[in-house]
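Scroll down for the structure; my scribbles are underneath it.
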Amino acid sequence: MRQLNLSYRNRRITTRGVAVVFGCALLVLAAVGAGYAQAGRRVSKPKSDPPVPKPTETAAPVKEPTPEPEKISLLVAGSPSAGMRYALGVVDNMPGVVGRRLQDSKRLQVASGGEMSRGEVNKRAKDPESKTFIVWLELQNDSFDLDPMARRTRLEDLTIRYIVVEPVTGRLKDQGSVHLRPVGGGVLGGLRRLPPCFPQASSNFEFALTVAAIETAERIFRTFSVLNPPLCS
């Protein structure tokens, strides 16, 4: 009987040992499998944020210079008979005064045409290649006193007549007249004295004629829609 119990105990011990060994084997297999699984798994790199683009400096838009309008070409001429009975030197300066005032505007390109008859004005203006307007001036006496012995003419009887002739066509763009005004108290046409860029007057007649010539030029500014620039600019 004792022998049988020993045999049974040994069998029980043997069975328990097999179970322990089998359990250990399972643990080993599980560990090996986990190792292979870890070895086959790819390690994903940590995602990095995309680089932030640097702000590009935008250049300020370059403003193109505004092209200047083309200048208007003018030729200023006077009538050969403009002097009449007056001092020729003074009256001959009349187109020069008008031209000088017109030159104050940067919109105009002014040249002197000297003396020209009305027929010469028409002929020159109708040149098919011309691009120049002709300003023609004449000093007229509006007095009804035709007495050749009359030694004196009132300033208010004298008028600067002007016409503006278009190039190529020869048509009148504008015409008008400016009366000379009497000098009183040294004031005429808002001027107490002539600007320094104009010939200085040595008589009331010369002063009145110069002021009227300046006014004539300012009317021609309006003919071409040009603003009056400052005197002697």
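The chains in the structure tokens are called A, B, ... from first to last as shown; in each chain the residues are counted from 1, and the ligands are counted from 1 in the order shown.
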From a DSSP pass on the backbone, collect the residues of range 60-225 of chain A flagged as alpha helix (DSSP H) and hand them back as a PyMOL selection string.
chain A and resi 88-102+118-125+204-223
Excluding range 114-118 of chain A and residues on its chain fewer than 3 positions from it, collect all residues at most 6 Å away from it, counting only C-alpha atoms, and give them as a count of residues only.
5
Range 136-142 of chain A: which residues within 6 Å, counting only C-alpha atoms, same-chain residues fewer than 6 positions away excluded, as a ChimeraX atom specification?
/A:77-79,82,157-163
Out of A:Arg171, A:Leu180, A:Val211, A:Val164, which residue has the shortest atom-to-atom distance to Arg193 in chain A when counting only C-alpha atoms?
A:Val211
Quick one: residues within 12 Å of Pro195 in chain A, only C-alpha atoms, excluding same-chain residues fewer than 4 positions away - as an NGL selection string?
:A and (97 or 100-101 or 190-191 or 199-201 or 207 or 210-211 or 214 or 230-233)
Write out the residues from the selection above, keeping N, CA and C atoms, as a short mmCIF file (atom, residue, chain, number, x, y, z; two decimals), in the first residue's frame.
data_model
loop_
_atom_site.label_atom_id
_atom_site.label_comp_id
_atom_site.auth_asym_id
_atom_site.auth_seq_id
_atom_site.Cartn_x
_atom_site.Cartn_y
_atom_site.Cartn_z
N VAL A 97 5.25 142.46 -76.70
CA VAL A 97 4.64 142.42 -75.37
C VAL A 97 3.65 141.27 -75.28
N ARG A 100 5.59 138.07 -75.18
CA ARG A 100 6.25 137.87 -73.88
C ARG A 100 5.27 137.37 -72.83
N ARG A 101 4.08 137.93 -72.83
CA ARG A 101 3.09 137.47 -71.85
C ARG A 101 2.67 136.03 -72.15
N GLY A 190 -5.47 147.50 -63.23
CA GLY A 190 -5.04 146.84 -62.01
C GLY A 190 -3.54 146.92 -61.79
N LEU A 191 -2.81 147.54 -62.69
CA LEU A 191 -1.35 147.65 -62.55
C LEU A 191 -0.96 149.08 -62.19
N PRO A 199 9.08 146.04 -71.30
CA PRO A 199 9.74 147.35 -71.46
C PRO A 199 9.00 148.41 -70.66
N GLN A 200 9.77 149.20 -69.93
CA GLN A 200 9.17 150.22 -69.08
C GLN A 200 8.71 151.41 -69.92
N ALA A 201 7.53 151.93 -69.58
CA ALA A 201 6.92 152.99 -70.36
C ALA A 201 7.53 154.34 -70.03
N PHE A 207 2.49 153.29 -71.79
CA PHE A 207 1.98 152.52 -70.65
C PHE A 207 0.64 151.88 -71.00
N THR A 210 1.03 149.03 -73.55
CA THR A 210 1.62 147.82 -72.97
C THR A 210 0.61 147.05 -72.13
N VAL A 211 -0.17 147.78 -71.32
CA VAL A 211 -1.19 147.12 -70.50
C VAL A 211 -2.25 146.46 -71.37
N ILE A 214 -0.90 143.24 -72.78
CA ILE A 214 -0.92 142.16 -71.78
C ILE A 214 -2.34 141.59 -71.66
N PRO A 230 1.29 133.41 -63.59
CA PRO A 230 1.76 134.66 -62.99
C PRO A 230 2.58 135.47 -63.99
N LEU A 231 2.53 136.77 -63.86
CA LEU A 231 3.31 137.64 -64.74
C LEU A 231 4.80 137.38 -64.56
N CYS A 232 5.51 137.37 -65.68
CA CYS A 232 6.98 137.20 -65.69
C CYS A 232 7.39 135.87 -65.05
N SER A 233 6.58 134.83 -65.22
CA SER A 233 6.92 133.52 -64.64
C SER A 233 7.84 132.74 -65.57
#
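Remark: for Glu218 in chain A, the closest of the candidate residues A:Asp127, A:Asp104, A:Glu206, A:Glu120 is A:Asp104 (distances computed over only C-alpha atoms).
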Could you check how far CA of Leu75 in chain A sits from CA of Ala213 in chain A, in Å to one decimal?
15.4 Å
Please identify all polymer residues within 8 Å of Lys71 in chain A, counting only C-alpha atoms, omitting same-chain residues fewer than 4 positions from it, and present them as a PyMOL selection string.
chain A and resi 106-109
Residue subset to file, keeping N, CA and C atoms, as a compact mmCIF listing (two decimals), in the first residue's frame:
# COMPACT_ATOMS: atom_id res chain seq x y z
N LYS A 106 3.56 127.51 -69.74
CA LYS A 106 4.34 126.36 -70.19
C LYS A 106 3.59 125.53 -71.22
N ARG A 107 2.31 125.80 -71.40
CA ARG A 107 1.51 125.08 -72.39
C ARG A 107 1.72 125.61 -73.80
N LEU A 108 2.32 126.78 -73.93
CA LEU A 108 2.45 127.43 -75.22
C LEU A 108 3.91 127.52 -75.64
N GLN A 109 4.12 127.35 -76.93
CA GLN A 109 5.44 127.56 -77.53
C GLN A 109 5.30 128.73 -78.49
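Checking A:Leu74, A:Leu172, A:Val178, A:Leu155 one by one against Gln103 in chain A, counting only C-alpha atoms, you find the shortest gap at A:Leu74.
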